[in-house]
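J.: Mind having a look at this structure? Questions to follow.
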Amino acid sequence: MRRQITTDQYKRMSLFNASAQYKWKQCVLRLELTNLLNQRSYAYTLFDGINTYSYDYALCGRTAMLRVTFKL
């Protein structure tokens with residue numbers, strides 16, 4: 001992930017998501033894995049003259065979701 005903070009500054013962070021899907025007749029199985037590197041938060045600070053701005057974002061932890069869908 002790359003987020004632009006100012007015109008010439010970027011915050012870089014590694015996030016890893018994966019998904020797999022299997023179709024069998026009318027049944028669809030989907031496995032979704034998010035935040036596999038288990039990043040809990042990311043933060044950065046901006047300095048603007050005499051002002052200082054600090055940002056801290058919390059992220060959802062490692063998640064696995066299995067979805068089963070039946071099409072009629």
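In the structure tokens, chains take the letters A, B, ... in the order shown, each chain's residues start at 1, and ligands count up from 1 in the order shown.
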Determine which residues of chain A DSSP labels as strand (DSSP E or B) from the backbone of this structure, then write them out as a VMD selection string.

T.: chain A and resid 2 to 4 10 to 12 18 to 24 27 to 34 41 to 48 51 to 58 63 to 70

J.: Name all residues at most 7 Å from A:Ser41 (count only C-alpha atoms; drop same-chain ones fewer than 4 positions away) and give them as JSON, numbers by chain.

T.: {"A": [57, 58, 59]}

J.: Just to be explicit: take each residue in the selection above, keep C-alpha atoms, and write the result as a PDB file, in the first residue's frame.

T.:
```pdb
ATOM      1  CA  TYR A  57      -4.743   4.197  12.147  1.00  0.00           C
ATOM      2  CA  ALA A  58      -5.825   0.887  13.685  1.00  0.00           C
ATOM      3  CA  LEU A  59      -6.323  -2.038  11.312  1.00  0.00           C
TER       4      LEU A  59
END
```

J.: Write out as a PyMOL selection string which residues come within 12 Å of A:Ala43 when counting only C-alpha atoms, dropping same-chain ones fewer than 5 positions away.

T.: chain A and resi 3+5+11-13+53-59

J.: Export C-alpha atoms of the chosen residues as a CSV table (one decimal), in the first residue's frame?

T.:
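Here's the written file result11.csv:
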```
chain,number,residue,atom,x,y,z
A,3,ARG,CA,-0.5,6.5,0.5
A,5,ILE,CA,0.8,12.2,2.6
A,11,LYS,CA,3.8,6.3,3.5
A,12,ARG,CA,4.5,2.7,2.4
A,13,MET,CA,3.2,-0.4,4.1
A,53,TYR,CA,0.1,16.5,13.0
A,54,SER,CA,0.2,12.9,14.1
A,55,TYR,CA,-2.0,10.2,12.7
A,56,ASP,CA,-2.4,6.7,13.9
A,57,TYR,CA,-4.7,4.2,12.1
A,58,ALA,CA,-5.8,0.9,13.7
A,59,LEU,CA,-6.3,-2.0,11.3
```

J.: Mind giving me the straight-line distance from atom CA of A:Leu37 to atom CA of A:Gln4 in Å, one decimal?

T.: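 Going from atom CA of A:Leu37 over to atom CA of A:Gln4 covers 21.9 Å.
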
J.: Could you list, as a list of chain:residue names, every residue within 6 Å of stretch 26-29 of chain A, counting only C-alpha atoms and ignoring same-chain residues fewer than 6 positions away?

T.: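 Result of the neighbour search: A:Arg67, A:Val68, A:Thr69, A:Phe70, A:Lys71.
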
J.: I'd like the interatomic distance between atom CA of A:Tyr10 and atom CA of A:Thr45, to a tenth of an Å.

T.: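 Separating atom CA of A:Tyr10 from atom CA of A:Thr45 is a distance of 11.4 Å.
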